[in-house]
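Shown next, in structure tokens, is the structure this report addresses.
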Amino acid sequence: MQIVTSHENTDFDGLASMLGAAKLYPNAIPVLPQRLNRNLRDFLALYWDELPFVRREDMPRGRIRLMTLVDTQSIPSLKGLSADTYVRFVDHHPPERKLEDRMSFHSGDVGSTTALLVDQICQTHVSVSPVEATLLLLGIYEDTGSLSYPSTRPMDARCAAWLLEQGANLGVVNEFLHRPLTEDQRQLYQKLLEAAEFHEFAGQTVVVATAKATGYLEEISTLAHKLRDLYEPAGLFLIVDLEVRIQLVGRSSSEAIDVAEIARQFGGGGHRKAAAALVRDQTLSETREQLLEVLEKLIQPALTVRELMSYGVHTLAPDTSVREAEEMMRRYGHEGFPVVGEDGKLLGVLTRREIDKALQYQRGDAPIKNYMHKGGIAVAPSDPVEYLQEVMMEHNVGQVPVVEGPEIVGIVTRTDLIKLWSKPRRPSRADEMATRVREALPSEIFNLVLQASQLAKEMGYSLYFVGGFVRDLLLGKPHLDLDLVVEGDAIALAKRLSSVVGGRVHSHDRFGTAKLIFDGKDTVVPFVDFITARREFYEYSTALPQVERSSIKQDLYRRDFTINTMAISLDEDSFGQLLDYYGGERDLEEGLIRVLHNLSFIEDPIRMLRAARLEQRLGFRIEEMTEDLISDALEWLDRVGGERIRQELNVVFQEEEPAKPLRRLAELGVLRQISPILAWDASLEEQLADYPAALVYWQSLPAERQLAAPSRYPTLVTTYLALVSLRAAGDEVQALARRLKLSKDDAHVLVEANELDSALSALANAELRPSDIVRLLTPYLDDVVFICWLASEDELIKRRLELYHKEWAYVEPLIDGDELKTMGLPPGPQYAVILNALRDARLDGKIKTVDEERAMVRQMMAHGSTDARRGA
């Protein structure tokens with residue numbers, strides 16, 4: 001037997017979830033809990049015949065093979081349950097128990113368990129009646145406050161819309177969500193209103209209300225909902241003396257307040273947002289005092305200013321002119337600055353609004369102290385975000401300095417808060433990420449990282465993994481290309497670490513970077529990069545950036561794509577903490593390549609090539625707006641130096657499947673923007689796919705001829721450039737070589753390949769002799785011949801190029817200049833004529849032996865011939 005059930009005193013989300021599970025698992029019997037809220041009893045009394053529920057006492061007897069528990073993780077006591085029963089939990093709350101054998105847990109990013117099931121119902125095209133749709137909508141609306149609670153997710157809204165399309169009745173939903181209170185409930189509600197106390201814990205407003213009730217009173221939870229809607233606190237606790245026991249009911253709308261954990265201190269339980277407990281052998285006053293002590297202990301800020309702030313704040317002196325301040329705002333992109341005195345004391349805050357007003361009245365030379373917000377407008381790193389919001393609203397500023405002791409350590413902005421709203425709050429994953437790092441790195445490298453972290457701490461620095469390592473670690477594809485960002489002096493840290501572990505340091509002072517290089521043969525990684533956290537300024541598009549030291553947050557903002565903006569803290573007290581200020585993990589989960597701002601491709605157009613390369617390597621897609629930005633910025637590629645483009649093309653061709661990014665770059669118009677002759681099509685793709693095997697075949701020369709073969713063959717990228725050059729005019733090929741700043745050798749390959757391809761049609765003449773072919777091909781490098789062979793689709797031409805490469809190019813006369821001299825021929829230009837004539841005769845099969853060669857020479861001397869063709 002299979003059954004579906006939920007928790008006692010279940011609500012509409014529990015009841016609706018039971019219905020949803022029954023629709024998905026039609027062989028399962030939906031068994032009602034023994035105790036139901038009054039609203040549920042009234043709803044079932046009206047619509048019982050339209051619904052599939054079975055009362056507990058009517059449940060068939062027999063062994064329960066599979067039990068689906070919805071909106072709860074507590075296993076009820078039921079006849080038929082055994083150790084062999086498989087339990088499937090379906091709950092929108094996080095796991096609260098360790099899963100044993102024969103258990104599974106199903107959840108998702110939703111505000112109601114009902115939505116989890118309705119989403120599956122919709123996807124599997126299971127039909128629902130209007131009554132069923134109404135009950136399912138009641139479940140979603142009750143747990144999401146009619147889609148208004150902060151815990152509401154897009155799936156809740158989508159499922160609600162779908163249920164309305166199926167005929168859900170909003171009139172019925174409103175009737176049962178807003179039932180009038182009974183007389184006893186009204187009396188208790190009034191008492192709770194009068195006794196309500198407001199407390200602050202870690203920046204969270206908590207309402208605690210106590211009251212006595214006479215006789216049995218059910219559904220105190222209904223009063224909790226009404227009081228929460230009235231006061232809108234972060235947490236609400238009702239303590240009701242029911243004569244024989246005390247009922248504690250808790251509700252929370254904040255991640256900082258876990259009412260289930262609080263209820264457990266009183267022997268109760270529930271979920272993070274809703275919980276209850278029955279308290280015995282205590283008075284109302286004792287329970288209240290104990291609750292306040294528990295709240296003081298357990299409520300911690302869900303989010304502090306430290307997690308939002310930017311370090312490395314820029315400050316202004318009070319005598320700075322308005323015009324100078326405006327220039328600083330323009331350069332750094334800030335909307336405000338702290339103003340400090342000579343002693344470093346905070347004097348006030350200057351915002352863009354004051355600057356604009358002063359400039360409007362031609363007061364550019366006036367000191368900013370005349371216009372700033374005066375006073376110590378500041379927060380501390382440990383302050384909760386709620387307090388930050390109060391400061392911003394009270395002073396009407398969008399930038400608030402962060403002060404620790406006497407020192408300004410950073411700034412937090414209105415934009416930081418907006419970004420906080422736009423992404424769901426995730427629980428800390430420091431332990432998970434620390435484990436991933438430990439498992440991904442060989443012990444030698446992990447210990448090196450720990451040493452670097454300890455030295456950084458001693459130097460007052462913070463250390464982070466950043467970029468591709470973090471991205472690929474989250475994708476489950478870790479590598480050992482390690483970038484360590486230092487909030488401090490990366491060069492100094494690398495040198496300090498080198499003095500401890502060995503290795504040599506190669507540094508770049510302008511960018512504050514250092515490479516710790518290990519020369520030993522047994523080293524796991526040859527080097528580790530250390531980078532000073534910095535911000536960059538571009539004086540003009542494609543220019544090398546100007547650099548200054550900054551915070552990790554600003555360092556991450558200068559990077560190319562959101563999926564490369566994540567960092568992992570390596571500090572001892574926060575080891576493994578994932579820093580994701582710009583939605584990188586979200587885009588990683590959704591498979592998106594997204595830039596951080598609209599000017600990204602204008603600042604550095606090379607990012608267009610990187611976008612296509614990453615997209616194809618990871619199997620992602622370029623986000624729609626980002627693709628539009630590429631299209632809009634294509635012309636900026638014209639300003640990029642050829643060396644940078646060539647380097648990035650080399651990286652593209654080092655990909656495991658370079659055809660994919662090249663095809664995408666052609667679709668985006670990037671290749672044609674670099675040069676009109678750059679293209680990508682099926683023919684080029686096939687030719688380059690054949691390149692590795694073709695090159696091996698081409699190089700498979702007989703051993704005695706290896707010394708005569710070229711020591712260098714074209715790389716894959718040079719081969720590609722040469723192949724596209726075969727389709728272009730000579731002046732276009734030369735323009736491409738200049739555009740990409742190709743080396744002299746590579747440019748020569750392109751030009752020669754273009755010239756030779758124009759002459760190859762002659763090889764299709766079946767009457768052509770081997771000597772004619774050798775004379776045609778001899779001026780060209782062997783790698784040029786290889787490229788033309790790779791590109792040709794004519795079998796006769798390919799065969800003749802192959803014969804030239806493997807045999808004919810190595811044919812030489814058996815006699816040489818010394819023998820010609822012994823035959824009485826004085827040295828001179830005629831030697832070359834005679835030797836070439838001998839080679840041609842051997843190629844064409846006219847002579848084979850040394851005697852035949854001597855006879856031919858004597859014949860040429862007798863005729864006084866200097867024409868090789870006539871002499872032969």
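The way I read the labels, and the way they are meant: chains A, B, ... in the order of the structure tokens, residue 1 as the first residue of every chain, and ligand 1 as the first ligand shown, with later ones counted on from there.
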Stretch 375-386 of chain A environment, 8 Å, only C-alpha atoms, sequence neighbours closer than 2 positions dropped, as a short mmCIF file (atom, residue, chain, number, x, y, z; two decimals) with C-alpha atoms, in the first residue's frame:
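And here is the file that came out, around.cif:
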data_model
loop_
_atom_site.label_atom_id
_atom_site.label_comp_id
_atom_site.auth_asym_id
_atom_site.auth_seq_id
_atom_site.Cartn_x
_atom_site.Cartn_y
_atom_site.Cartn_z
CA ALA A 202 20.71 41.99 16.50
CA GLY A 203 18.79 44.60 14.56
CA GLN A 204 15.67 42.41 14.29
CA PRO A 301 22.16 39.16 12.13
CA ALA A 302 21.25 37.33 8.95
CA LEU A 303 23.44 39.77 7.07
CA THR A 304 25.87 42.37 8.33
CA VAL A 305 27.39 45.44 6.75
CA ARG A 306 30.70 43.56 6.52
CA MET A 309 30.74 46.82 2.13
CA LEU A 346 35.00 61.51 9.77
CA LEU A 347 33.47 64.95 9.25
CA GLY A 348 30.62 64.16 6.90
CA VAL A 349 29.51 62.70 3.57
CA HIS A 373 26.20 66.27 4.99
CA LEU A 388 22.13 50.50 7.61
CA GLN A 389 18.75 51.00 5.96
CA GLU A 390 17.64 53.19 8.88
CA VAL A 391 20.76 55.37 8.54
CA HIS A 395 19.97 61.08 6.41
CA VAL A 400 27.49 55.40 4.15
CA PRO A 401 31.08 55.15 5.49
CA VAL A 402 31.94 52.04 7.48
CA VAL A 403 33.93 52.82 10.62
CA GLU A 404 35.81 50.41 12.87
#
Give me, as a PyMOL selection string, the residues of stretch 71-143 of chain A that a backbone DSSP run labels alpha helix (DSSP H). chain A and resi 113-123+130-143
Those residues you just picked out, can you put them in a file as a CSV table (one decimal), in the first residue's frame with C-alpha atoms?
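Saved file out.csv follows:
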chain,number,residue,atom,x,y,z
A,113,THR,CA,5.3,22.9,-0.7
A,114,THR,CA,2.2,23.0,-2.8
A,115,ALA,CA,4.0,24.9,-5.6
A,116,LEU,CA,6.6,22.2,-5.8
A,117,LEU,CA,3.9,19.7,-6.6
A,118,VAL,CA,1.8,21.9,-8.8
A,119,ASP,CA,4.9,22.6,-11.0
A,120,GLN,CA,5.2,18.9,-11.6
A,121,ILE,CA,1.4,18.5,-12.2
A,122,CYS,CA,1.7,21.3,-14.9
A,123,GLN,CA,4.7,19.8,-16.5
A,130,PRO,CA,-11.8,23.7,-10.4
A,131,VAL,CA,-12.3,22.6,-6.8
A,132,GLU,CA,-8.9,20.9,-6.8
A,133,ALA,CA,-7.3,24.0,-8.4
A,134,THR,CA,-8.9,26.2,-5.6
A,135,LEU,CA,-7.5,24.0,-2.8
A,136,LEU,CA,-4.1,24.0,-4.4
A,137,LEU,CA,-4.2,27.8,-4.7
A,138,LEU,CA,-5.2,28.1,-1.1
A,139,GLY,CA,-2.1,26.1,-0.2
A,140,ILE,CA,0.2,28.5,-2.2
A,141,TYR,CA,-1.5,31.7,-1.0
A,142,GLU,CA,-1.5,30.7,2.7
A,143,ASP,CA,2.2,30.0,2.9
Find the distance between atom CA of A:Tyr387 and atom CA of A:Lys553 and write it in Å to one decimal. 21.8 Å
Please list as a PyMOL selection string every residue within 8 Å of A:Ser6, counting only C-alpha atoms and excluding residues in the same chain fewer than 5 positions away. chain A and resi 14-15+18+32-33+69-72
Selected residues, N, CA, C and O atoms, written as a compact mmCIF listing (two decimals), in the first residue's frame, please.
# COMPACT_ATOMS: atom_id res chain seq x y z
N GLY A 14 -0.30 22.15 3.81
CA GLY A 14 -0.18 20.72 4.01
C GLY A 14 -1.28 19.94 3.32
O GLY A 14 -1.04 18.93 2.65
N LEU A 15 -2.54 20.41 3.47
CA LEU A 15 -3.67 19.71 2.85
C LEU A 15 -3.57 19.75 1.32
O LEU A 15 -3.77 18.73 0.65
N MET A 18 -0.97 17.41 0.03
CA MET A 18 -1.45 16.03 -0.01
C MET A 18 -2.23 15.78 -1.29
O MET A 18 -2.07 14.73 -1.95
N LEU A 32 -5.79 11.77 5.78
CA LEU A 32 -5.80 13.01 6.57
C LEU A 32 -5.19 12.79 7.94
O LEU A 32 -5.38 11.73 8.57
N PRO A 33 -4.45 13.79 8.45
CA PRO A 33 -4.03 13.73 9.86
C PRO A 33 -5.26 13.73 10.76
O PRO A 33 -6.37 14.11 10.34
N LEU A 69 5.43 11.95 2.63
CA LEU A 69 5.15 12.94 3.66
C LEU A 69 5.33 14.34 3.06
O LEU A 69 6.42 14.66 2.57
N VAL A 70 4.29 15.15 3.11
CA VAL A 70 4.36 16.48 2.50
C VAL A 70 4.31 17.55 3.57
O VAL A 70 3.61 17.42 4.58
N ASP A 71 5.09 18.61 3.37
CA ASP A 71 5.12 19.78 4.25
C ASP A 71 5.51 19.42 5.68
O ASP A 71 5.15 20.12 6.62
N THR A 72 6.24 18.36 5.85
CA THR A 72 6.72 17.96 7.17
C THR A 72 7.87 17.00 7.00
O THR A 72 8.03 16.36 5.94
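Taking only C-alpha atoms, the non-local environment of A:Ala729 within 10 Å (same-chain residues fewer than 4 positions away omitted) comprises Ile677, Ser725, Val733, Gln734, Val751, Asn754, Glu755 and Ser758 of chain A.
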Quick one: pull the distance between atom CA of A:Leu637 and atom CA of A:Met608, Å, one decimal. 9.0 Å
Looking at only C-alpha atoms, which of A:Leu81, A:Lys848, A:Arg88, A:Val172 is the one that sits closest to A:Leu46? A:Val172
Have a look at A:Thr182, A:Asn650, A:Thr144, A:Thr287 and name the one nearest to A:His225; count only C-alpha atoms. A:Thr144
Would you please give, as number ranges by chain, all residues of stretch 18-133 of chain A that DSSP assigns to strand (DSSP E) based on the backbone? A: 28-30, 66-70, 86-90, 103-106
Keeping N, CA, C and O atoms, export the residues of the selection given above as an mmCIF file, in the first residue's frame.
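Below is the file that was written, result_22.cif:
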data_model
loop_
_atom_site.group_PDB
_atom_site.id
_atom_site.type_symbol
_atom_site.label_atom_id
_atom_site.label_comp_id
_atom_site.auth_asym_id
_atom_site.auth_seq_id
_atom_site.Cartn_x
_atom_site.Cartn_y
_atom_site.Cartn_z
ATOM 1 N N ALA A 28 -1.414 6.175 -4.673
ATOM 2 C CA ALA A 28 -1.255 6.469 -3.248
ATOM 3 C C ALA A 28 -2.571 6.985 -2.662
ATOM 4 O O ALA A 28 -3.302 7.734 -3.313
ATOM 5 N N ILE A 29 -2.862 6.601 -1.412
ATOM 6 C CA ILE A 29 -4.081 7.026 -0.720
ATOM 7 C C ILE A 29 -3.760 8.257 0.122
ATOM 8 O O ILE A 29 -2.883 8.197 1.004
ATOM 9 N N PRO A 30 -4.431 9.422 -0.097
ATOM 10 C CA PRO A 30 -4.183 10.608 0.725
ATOM 11 C C PRO A 30 -4.926 10.502 2.059
ATOM 12 O O PRO A 30 -6.152 10.656 2.125
ATOM 13 N N LEU A 66 5.108 2.372 0.752
ATOM 14 C CA LEU A 66 5.699 3.687 0.450
ATOM 15 C C LEU A 66 4.823 4.768 1.061
ATOM 16 O O LEU A 66 3.602 4.778 0.847
ATOM 17 N N MET A 67 5.445 5.677 1.825
ATOM 18 C CA MET A 67 4.711 6.789 2.412
ATOM 19 C C MET A 67 5.330 8.097 1.921
ATOM 20 O O MET A 67 6.533 8.328 2.065
ATOM 21 N N THR A 68 4.491 8.962 1.340
ATOM 22 C CA THR A 68 4.926 10.292 0.930
ATOM 23 C C THR A 68 4.474 11.283 1.987
ATOM 24 O O THR A 68 3.273 11.443 2.230
ATOM 25 N N LEU A 69 5.431 11.952 2.629
ATOM 26 C CA LEU A 69 5.146 12.941 3.662
ATOM 27 C C LEU A 69 5.332 14.335 3.063
ATOM 28 O O LEU A 69 6.420 14.655 2.565
ATOM 29 N N VAL A 70 4.292 15.149 3.105
ATOM 30 C CA VAL A 70 4.361 16.476 2.502
ATOM 31 C C VAL A 70 4.307 17.555 3.571
ATOM 32 O O VAL A 70 3.611 17.425 4.578
ATOM 33 N N TYR A 86 9.369 2.656 2.607
ATOM 34 C CA TYR A 86 10.158 3.721 1.952
ATOM 35 C C TYR A 86 9.446 5.047 2.213
ATOM 36 O O TYR A 86 8.249 5.174 1.982
ATOM 37 N N VAL A 87 10.199 6.050 2.704
ATOM 38 C CA VAL A 87 9.625 7.351 3.045
ATOM 39 C C VAL A 87 10.151 8.406 2.085
ATOM 40 O O VAL A 87 11.363 8.596 1.956
ATOM 41 N N ARG A 88 9.221 9.065 1.425
ATOM 42 C CA ARG A 88 9.575 10.138 0.488
ATOM 43 C C ARG A 88 9.100 11.463 1.091
ATOM 44 O O ARG A 88 7.907 11.696 1.247
ATOM 45 N N PHE A 89 10.044 12.335 1.456
ATOM 46 C CA PHE A 89 9.713 13.648 2.002
ATOM 47 C C PHE A 89 9.593 14.658 0.859
ATOM 48 O O PHE A 89 10.462 14.729 -0.017
ATOM 49 N N VAL A 90 8.535 15.463 0.884
ATOM 50 C CA VAL A 90 8.372 16.578 -0.058
ATOM 51 C C VAL A 90 8.103 17.817 0.786
ATOM 52 O O VAL A 90 7.057 17.929 1.421
ATOM 53 N N MET A 103 14.990 6.341 2.338
ATOM 54 C CA MET A 103 14.407 7.678 2.464
ATOM 55 C C MET A 103 14.908 8.541 1.320
ATOM 56 O O MET A 103 16.033 8.376 0.836
ATOM 57 N N SER A 104 14.064 9.482 0.872
ATOM 58 C CA SER A 104 14.479 10.465 -0.133
ATOM 59 C C SER A 104 13.851 11.799 0.228
ATOM 60 O O SER A 104 12.814 11.855 0.896
ATOM 61 N N PHE A 105 14.501 12.873 -0.218
ATOM 62 C CA PHE A 105 14.035 14.219 0.114
ATOM 63 C C PHE A 105 13.928 15.038 -1.164
ATOM 64 O O PHE A 105 14.850 15.074 -1.970
ATOM 65 N N HIS A 106 12.765 15.701 -1.351
ATOM 66 C CA HIS A 106 12.515 16.496 -2.557
ATOM 67 C C HIS A 106 12.128 17.911 -2.137
ATOM 68 O O HIS A 106 11.210 18.103 -1.332
#
For stretch 679-687 of chain A, work out the shell of residues within 8 Å, counting only C-alpha atoms and skipping chain neighbours fewer than 6 positions away, then give it as a PyMOL selection string. chain A and resi 659+662-663+666+671-672+720+723-724+790-791
List the neighbours of A:Arg280 out to 8 Å using only C-alpha atoms; skip same-chain residues closer than 5 positions along the sequence, and give me the result as JSON, numbers by chain. {"A": [244, 245, 246]}
Please provide as a list in words all residues within 10 Å of stretch 691-695 of chain A, with the sequence filter that same-chain residues fewer than 5 positions apart are discarded (counting only C-alpha atoms). Glu685, Glu686, Ser700, Tyr713, Pro714, Thr715, Leu716, Thr719, Tyr720, Asp783, Phe786, Ile787, Trp789 and Leu790 of chain A
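Restricting the calculation to only C-alpha atoms, the smallest distance between A:Arg558 and any of A:Asp580, A:Glu444, A:Asp519, A:Asp604 is found for A:Asp604.
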Can you work out which one of A:Val126, A:Pro676, A:Phe527, A:Ile491 has the shortest atom-to-atom distance to A:Ile445, counting only C-alpha atoms? A:Phe527
